[in-house]
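Undergrad: One file is attached below, run32.cif, containing mmCIF, C-alpha atoms.
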data_structure
loop_
_atom_site.label_atom_id
_atom_site.label_comp_id
_atom_site.auth_asym_id
_atom_site.auth_seq_id
_atom_site.Cartn_x
_atom_site.Cartn_y
_atom_site.Cartn_z
CA MET A 9 -68.63 11.79 20.05
CA ARG A 10 -69.43 14.54 17.51
CA ARG A 11 -67.37 16.96 19.62
CA LEU A 12 -64.44 14.52 19.64
CA LEU A 13 -64.62 14.11 15.86
CA ALA A 14 -64.64 17.88 15.46
CA ILE A 15 -61.50 18.22 17.59
CA LEU A 16 -59.56 15.46 15.82
CA PRO A 17 -59.01 17.26 12.48
CA LEU A 18 -57.76 20.32 14.37
CA SER A 19 -55.37 18.15 16.42
CA LEU A 20 -54.06 16.51 13.28
CA ALA A 21 -53.54 19.89 11.66
CA VAL A 22 -51.62 21.17 14.67
CA ALA A 23 -49.45 18.05 14.67
CA SER A 24 -48.78 18.38 10.95
CA PHE A 25 -47.81 22.03 11.40
CA ALA A 26 -45.43 21.11 14.23
CA VAL A 27 -43.72 18.54 12.03
CA ALA A 28 -43.51 20.94 9.11
CA ALA A 29 -42.19 23.73 11.31
CA ALA A 30 -39.48 21.59 12.94
CA PRO A 31 -36.05 22.85 11.92
CA ALA A 32 -34.00 20.69 9.57
CA PRO A 33 -31.12 18.90 11.28
CA ALA A 34 -27.87 20.85 11.13
CA PRO A 35 -25.41 19.49 8.56
CA GLN A 36 -22.69 17.31 10.01
CA PRO A 37 -19.08 18.51 9.55
CA VAL A 38 -17.08 16.66 6.93
CA PHE A 39 -13.39 16.41 6.04
CA ASP A 40 -12.59 15.62 2.39
CA VAL A 41 -9.28 13.77 2.13
CA HIS A 42 -9.05 13.66 -1.68
CA VAL A 43 -9.28 16.96 -3.58
CA HIS A 44 -7.38 17.79 -6.79
CA LEU A 45 -6.79 21.54 -7.20
CA ARG A 46 -5.76 21.48 -10.83
CA GLU A 47 -5.94 25.25 -11.25
CA GLY A 48 -4.75 26.30 -7.82
CA GLU A 49 -6.79 28.93 -6.03
CA SER A 50 -9.35 29.07 -8.83
CA SER A 51 -10.09 25.37 -8.31
CA LEU A 52 -10.18 25.86 -4.53
CA LYS A 53 -12.79 28.61 -4.77
CA THR A 54 -14.92 26.61 -7.20
CA TYR A 55 -14.73 23.54 -4.96
CA GLU A 56 -15.76 25.47 -1.84
CA ARG A 57 -18.56 27.23 -3.70
CA GLU A 58 -19.96 23.88 -4.84
CA VAL A 59 -19.71 22.52 -1.30
CA ALA A 60 -21.56 25.57 0.07
CA ASP A 61 -24.24 25.30 -2.63
CA ALA A 62 -24.78 21.68 -1.57
CA LYS A 63 -25.29 22.95 2.01
CA LEU A 64 -22.47 20.83 3.40
CA LYS A 65 -20.46 21.85 6.43
CA LEU A 66 -16.83 21.61 5.31
CA ALA A 67 -14.44 21.22 8.24
CA GLY A 68 -11.45 21.01 5.92
CA PHE A 69 -9.92 19.15 3.02
CA ALA A 70 -6.64 17.67 1.82
CA GLY A 71 -5.75 19.31 -1.48
CA MET A 72 -3.17 18.13 -4.00
CA TRP A 73 -1.80 20.04 -6.97
CA PHE A 74 -1.18 17.18 -9.33
CA GLY A 75 -3.65 15.03 -11.22
CA GLY A 76 -5.44 15.40 -14.52
CA PRO A 77 -3.29 17.57 -16.80
CA HIS A 78 -0.69 18.25 -14.09
CA GLN A 79 1.74 15.44 -13.35
CA ALA A 80 4.95 14.96 -11.39
CA PRO A 81 7.21 12.86 -13.65
CA GLN A 82 10.65 11.53 -12.94
CA GLY A 83 13.67 13.66 -13.72
CA ASP A 84 12.47 17.17 -12.94
CA PRO A 85 12.66 17.62 -9.16
CA ASP A 86 13.01 21.41 -9.53
CA ALA A 87 9.59 21.65 -11.19
CA ILE A 88 8.09 19.46 -8.47
CA ARG A 89 9.68 21.67 -5.82
CA ARG A 90 8.18 24.83 -7.36
CA ALA A 91 4.73 23.26 -7.54
CA ASN A 92 4.96 22.06 -3.93
CA ASP A 93 5.93 25.57 -2.81
CA ALA A 94 3.01 27.13 -4.65
CA HIS A 95 0.67 24.66 -2.99
CA ILE A 96 2.07 25.27 0.47
CA ALA A 97 1.62 29.01 -0.08
CA LEU A 98 -2.00 28.41 -1.10
CA ALA A 99 -2.66 26.45 2.09
CA ALA A 100 -1.16 29.29 4.13
CA LYS A 101 -3.88 31.57 2.70
CA HIS A 102 -6.62 29.01 3.31
CA PRO A 103 -6.29 27.36 6.73
CA GLU A 104 -9.10 24.92 5.95
CA MET A 105 -6.76 23.30 3.42
CA LEU A 106 -4.27 20.55 4.31
CA ALA A 107 -1.51 20.78 1.70
CA VAL A 108 -0.56 17.54 -0.05
CA ALA A 109 2.88 17.48 -1.67
CA THR A 110 4.51 14.97 -3.99
CA VAL A 111 7.89 13.73 -5.23
CA HIS A 112 8.96 11.03 -7.65
CA PRO A 113 10.48 7.96 -5.96
CA TYR A 114 12.88 7.36 -8.85
CA ASP A 115 14.55 10.73 -8.23
CA GLY A 116 16.39 9.06 -5.35
CA GLN A 117 18.09 11.36 -2.89
CA ALA A 118 16.52 14.43 -4.51
CA ALA A 119 13.09 12.99 -3.70
CA ILE A 120 14.06 12.23 -0.11
CA ASP A 121 15.52 15.72 0.32
CA GLU A 122 12.35 17.31 -1.04
CA LEU A 123 10.22 15.19 1.28
CA ALA A 124 12.26 16.39 4.25
CA ARG A 125 12.03 19.99 3.06
CA VAL A 126 8.22 20.02 2.67
CA ALA A 127 7.80 18.19 5.99
CA GLY A 128 9.82 21.00 7.56
CA ARG A 129 7.32 23.45 6.09
CA GLY A 130 4.40 21.68 7.75
CA VAL A 131 3.24 19.26 5.04
CA LYS A 132 1.56 16.21 6.59
CA VAL A 133 0.67 14.22 3.48
CA LEU A 134 2.72 12.96 0.52
CA LYS A 135 0.76 11.73 -2.51
CA LEU A 136 2.21 9.08 -4.82
CA HIS A 137 0.47 7.72 -7.92
CA PRO A 138 2.24 4.72 -9.50
CA HIS A 139 0.32 4.89 -12.77
CA THR A 140 0.31 8.59 -13.59
CA GLN A 141 3.89 8.93 -12.32
CA GLN A 142 4.88 5.70 -14.07
CA PHE A 143 6.67 3.87 -11.30
CA ASP A 144 6.33 0.42 -9.78
CA ALA A 145 5.37 0.39 -6.09
CA ALA A 146 7.49 -2.75 -5.72
CA ASP A 147 10.62 -0.99 -7.03
CA PRO A 148 13.34 -0.90 -4.33
CA ARG A 149 13.62 2.88 -4.74
CA VAL A 150 10.15 3.34 -3.22
CA LEU A 151 10.82 1.84 0.20
CA PRO A 152 13.51 4.31 1.43
CA LEU A 153 11.20 7.19 0.53
CA VAL A 154 8.14 5.92 2.38
CA ARG A 155 10.24 4.89 5.37
CA LYS A 156 11.63 8.42 5.52
CA ALA A 157 8.06 9.74 5.47
CA GLY A 158 7.37 7.64 8.55
CA GLU A 159 10.41 9.08 10.32
CA LEU A 160 9.15 12.60 9.53
CA GLY A 161 5.56 11.91 10.58
CA VAL A 162 4.25 12.34 7.03
CA VAL A 163 1.32 10.20 5.89
CA VAL A 164 1.78 8.60 2.45
CA LEU A 165 -1.33 8.69 0.26
CA PHE A 166 -1.11 6.12 -2.54
CA ASP A 167 -3.55 5.76 -5.40
CA ASN A 168 -5.23 2.36 -5.00
CA ALA A 169 -7.87 2.20 -7.71
CA ASN A 170 -6.32 -1.15 -8.63
CA ILE A 171 -5.91 -0.17 -12.26
CA LEU A 172 -3.71 -3.20 -12.97
CA PRO A 173 -3.81 -6.65 -11.37
CA GLY A 174 -1.56 -6.87 -8.34
CA ASP A 175 -1.68 -3.17 -7.42
CA SER A 176 -3.23 -3.77 -4.00
CA GLU A 177 -0.87 -6.64 -3.24
CA ARG A 178 2.16 -4.43 -3.99
CA LEU A 179 0.88 -1.69 -1.70
CA PHE A 180 0.19 -4.17 1.09
CA ASN A 181 3.77 -5.40 0.82
CA VAL A 182 5.11 -1.82 0.98
CA ALA A 183 3.08 -1.14 4.13
CA ILE A 184 4.35 -4.36 5.75
CA GLN A 185 7.96 -3.32 5.04
CA ALA A 186 7.46 0.21 6.38
CA PRO A 187 5.60 -0.42 9.65
CA LYS A 188 6.40 3.00 11.12
CA THR A 189 4.81 4.83 8.19
CA ARG A 190 1.09 5.50 8.05
CA PHE A 191 -0.49 4.99 4.64
CA ILE A 192 -3.79 5.99 3.06
CA PHE A 193 -4.75 3.80 0.10
CA ALA A 194 -7.14 5.87 -1.98
CA HIS A 195 -10.31 4.29 -3.39
CA ILE A 196 -9.80 1.19 -1.16
CA GLY A 197 -8.85 -0.90 -4.19
CA GLY A 198 -11.75 0.16 -6.41
CA MET A 199 -13.69 -2.88 -7.57
CA ASN A 200 -10.97 -5.05 -6.03
CA PHE A 201 -11.91 -3.85 -2.52
CA ARG A 202 -12.42 -7.49 -1.52
CA PHE A 203 -8.65 -8.03 -1.29
CA TRP A 204 -8.40 -5.78 1.74
CA ASN A 205 -10.36 -8.21 3.89
CA ILE A 206 -6.94 -9.83 4.31
CA LEU A 207 -6.30 -7.24 7.03
CA ALA A 208 -8.69 -9.06 9.37
CA LEU A 209 -6.34 -12.04 9.17
CA ALA A 210 -3.15 -9.97 9.16
CA ARG A 211 -4.04 -8.60 12.57
CA THR A 212 -4.08 -12.11 14.01
CA ALA A 213 -0.42 -12.78 13.12
CA ASP A 214 2.05 -11.90 15.87
CA ASP A 215 4.60 -9.18 15.00
CA PHE A 216 3.48 -9.02 11.36
CA PHE A 217 1.08 -6.14 10.73
CA ALA A 218 1.50 -2.70 12.32
CA ASP A 219 -2.09 -1.58 11.57
CA ASN A 220 -0.64 1.34 9.64
CA ILE A 221 -3.04 1.26 6.67
CA PHE A 222 -5.93 3.68 6.27
CA PHE A 223 -8.26 3.95 3.28
CA ASP A 224 -10.21 6.66 1.59
CA ILE A 225 -13.40 5.53 -0.10
CA SER A 226 -13.45 8.25 -2.75
CA ALA A 227 -15.29 7.24 -5.94
CA THR A 228 -15.68 3.61 -4.84
CA ALA A 229 -18.38 4.41 -2.26
CA VAL A 230 -20.39 6.18 -4.97
CA LEU A 231 -20.34 2.96 -7.01
CA MET A 232 -21.14 0.74 -4.03
CA ALA A 233 -24.09 2.57 -2.43
CA ASP A 234 -27.33 0.77 -3.37
CA SER A 235 -25.36 -1.65 -5.56
CA PRO A 236 -25.76 -5.45 -5.60
CA VAL A 237 -22.52 -5.74 -3.60
CA GLU A 238 -23.15 -3.00 -1.03
CA LYS A 239 -23.43 -5.49 1.84
CA GLU A 240 -20.05 -6.96 0.94
CA PHE A 241 -18.53 -3.48 0.74
CA VAL A 242 -19.85 -2.57 4.20
CA TRP A 243 -18.57 -5.92 5.50
CA THR A 244 -15.15 -5.02 4.07
CA LEU A 245 -15.16 -1.60 5.74
CA ARG A 246 -15.80 -3.28 9.06
CA ASN A 247 -13.11 -5.88 8.43
CA VAL A 248 -10.44 -3.27 7.65
CA GLY A 249 -11.72 -1.30 10.64
CA ILE A 250 -14.14 1.63 10.56
CA GLY A 251 -11.49 3.60 12.46
CA GLN A 252 -9.21 3.27 9.42
CA VAL A 253 -11.67 4.64 6.82
CA LEU A 254 -11.81 8.23 5.53
CA LEU A 255 -14.19 10.12 3.27
CA GLY A 256 -12.94 11.59 0.00
CA SER A 257 -14.53 13.04 -3.10
CA ASP A 258 -11.83 12.77 -5.82
CA TYR A 259 -12.84 16.29 -6.90
CA PRO A 260 -13.21 17.48 -9.66
CA GLN A 261 -13.99 14.04 -11.02
CA LEU A 262 -16.75 13.73 -8.43
CA PRO A 263 -18.24 16.40 -6.14
CA LEU A 264 -18.15 16.08 -2.38
CA ALA A 265 -21.97 16.05 -2.30
CA LYS A 266 -21.97 12.68 -4.11
CA ALA A 267 -19.47 11.21 -1.65
CA VAL A 268 -21.50 12.39 1.35
CA ASP A 269 -24.74 11.12 -0.19
CA ALA A 270 -23.14 7.72 -0.88
CA LEU A 271 -21.90 7.47 2.72
CA ASP A 272 -25.37 8.37 4.01
CA ARG A 273 -26.89 5.56 1.92
CA LEU A 274 -24.47 2.86 3.05
CA ASP A 275 -25.90 0.56 5.72
CA LEU A 276 -23.66 1.84 8.50
CA THR A 277 -24.53 3.15 11.96
CA ASP A 278 -24.55 6.88 12.67
CA GLU A 279 -21.47 6.43 14.85
CA GLU A 280 -19.62 4.65 12.04
CA LYS A 281 -20.55 7.36 9.55
CA GLU A 282 -19.34 10.10 11.90
CA LYS A 283 -15.94 8.44 12.16
CA ILE A 284 -15.63 8.16 8.39
CA ARG A 285 -16.96 11.65 7.75
CA ILE A 286 -14.53 13.46 10.07
CA GLY A 287 -13.52 11.65 13.27
CA ASN A 288 -10.81 9.49 11.73
CA ALA A 289 -9.31 12.43 9.82
CA ARG A 290 -9.10 14.44 13.04
CA ARG A 291 -7.23 11.62 14.70
CA LEU A 292 -4.91 10.82 11.78
CA PHE A 293 -3.92 14.41 10.97
CA GLY A 294 -4.13 15.84 14.48
CA LEU A 295 -6.86 18.30 13.46
CA ARG A 296 -8.69 20.48 15.95
#
Now, as a test, write the supplied structure out as structure tokens.
TA:
Amino acid sequence: MRRLLAILPLSLAVASFAVAAAPAPAPQPVFDVHVHLREGESSLKTYEREVADAKLKLAGFAGMWFGGPHQAPQGDPDAIRRANDAHIALAAKHPEMLAVATVHPYDGQAAIDELARVAGRGVKVLKLHPHTQQFDAADPRVLPLVRKAGELGVVVLFDNANILPGDSERLFNVAIQAPKTRFIFAHIGGMNFRFWNILALARTADDFFADNIFFDISATAVLMADSPVEKEFVWTLRNVGIGQVLLGSDYPQLPLAKAVDALDRLDLTDEEKEKIRIGNARRLFGLR
């Protein structure tokens, strides 16, 4: 017995050493669908440095040039064209970047022509922000633009922080009227995320919903993780379809590390988290 007791501490020490010496799990690749590069390449380098410092494995990101101090207002399509070109050139230097262009829907044919031009240069995502660009998503000038995006295979990324009542409802109506266009609604409605549970019912109606809506959970997931309504948020993600959900940071407002940490803390399965972290982006954008 004394011999056994003498051996036990040694065995425990060996076991503890084995646990301590076990390598940390390799970081999982992540695609960030919501990055604002307000200062062009300078912002890109800062973003990637912060991601590396956080020991994240960045598979790629969708970067947009407007946001914060840089806007894309109505009435100056030439300025928008120059900014789009600069952004496309930046993506050509950094293959990990998916360039996101923009236009203003109220510029009419000029906006549609610019959409076709940037699509011809390889742009896969068009970002529209009703509030910062000061347009109404229900305005009849919006629909021809987003339908054209669908014809060109361009995904339309709409801000959906639900800043004003009815924002989500307007976007839902746009998506219903443009069934051949794929949409990403950023922030999944913010604190109004509950509205999007309507998709579970929409899918039951014959010839009504084309299942063309995706969501990024940038910013909102950070609020929801460990919150009193986390279970309801996770329930909503499953109702809209885990295969329709993408990870985003909303950089520089929030770092990617916070978005990844929030996703890790949500009560989702590992398989569900992998789809949100990168799998759905690969499928939607045709990434390698």
Undergrad: Just the residues within 7 Å of segment 191-201 of chain A, please, counting all atoms listed in the file, with nothing from its chain fewer than 3 positions along; format it as a PyMOL selection string.
TA: chain A and resi 163-170+176+204+220-228
Undergrad: Name the residues that the PyMOL selection byres ((chain A and resi 106-110) around 8) pulls out of this structure, and write them as a list in words.
TA: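 Applied to this file, the PyMOL selection byres ((chain A and resi 106-110) around 8) returns Gly68, Phe69, Ala70, Gly71, Met72, Trp73, Ala80, Ile88, Asn92, His95, Ile96, Ala99, Pro103, Glu104, Met105, Val111, His112, Leu123, Val126, Val131, Lys132, Val133, Leu134, Lys135 and Leu136 of chain A.
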Undergrad: Which of these residues is nearest to Asn247 of chain A, using all atoms listed in the file: A:Val150, A:Ala213, A:Ile206, A:Ala267?
TA: A:Ile206
Undergrad: For atom CA of Ile250 of chain A and atom CA of His42 of chain A, determine how far apart the two atoms are, in Å to one decimal place.
TA: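 According to the coordinates, atom CA of Ile250 of chain A and atom CA of His42 of chain A are separated by 17.9 Å.
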Undergrad: In Å to one decimal, how far is atom CA of Gln82 of chain A from atom CA of Tyr114 of chain A?
TA: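 Computing it gives 6.3 Å between the two atoms.
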Undergrad: Could you spell out the hits of the PyMOL selection byres ((chain A and resi 255) around 6) on the shown file, as a PDB file with C-alpha atoms, keeping the file's coordinate frame?
TA:
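Result file part_23.pdb:
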ATOM      1  CA  ASP A  40     -12.590  15.620   2.390  1.00  0.00           C
ATOM      2  CA  ASP A 224     -10.210   6.660   1.590  1.00  0.00           C
ATOM      3  CA  ILE A 225     -13.400   5.530  -0.100  1.00  0.00           C
ATOM      4  CA  LEU A 254     -11.810   8.230   5.530  1.00  0.00           C
ATOM      5  CA  GLY A 256     -12.940  11.590   0.000  1.00  0.00           C
ATOM      6  CA  ILE A 284     -15.630   8.160   8.390  1.00  0.00           C
ATOM      7  CA  ARG A 285     -16.960  11.650   7.750  1.00  0.00           C
TER       8      ARG A 285
END
Undergrad: Determine, counting only C-alpha atoms, which protein, DNA and RNA residues have an atom within 9 Å of an atom of Gly48 of chain A; residues of the same chain fewer than 4 positions away are not included. Present the result as an MDAnalysis selection string.
TA: chainID A and resid 44 52:53 73 94:95 98
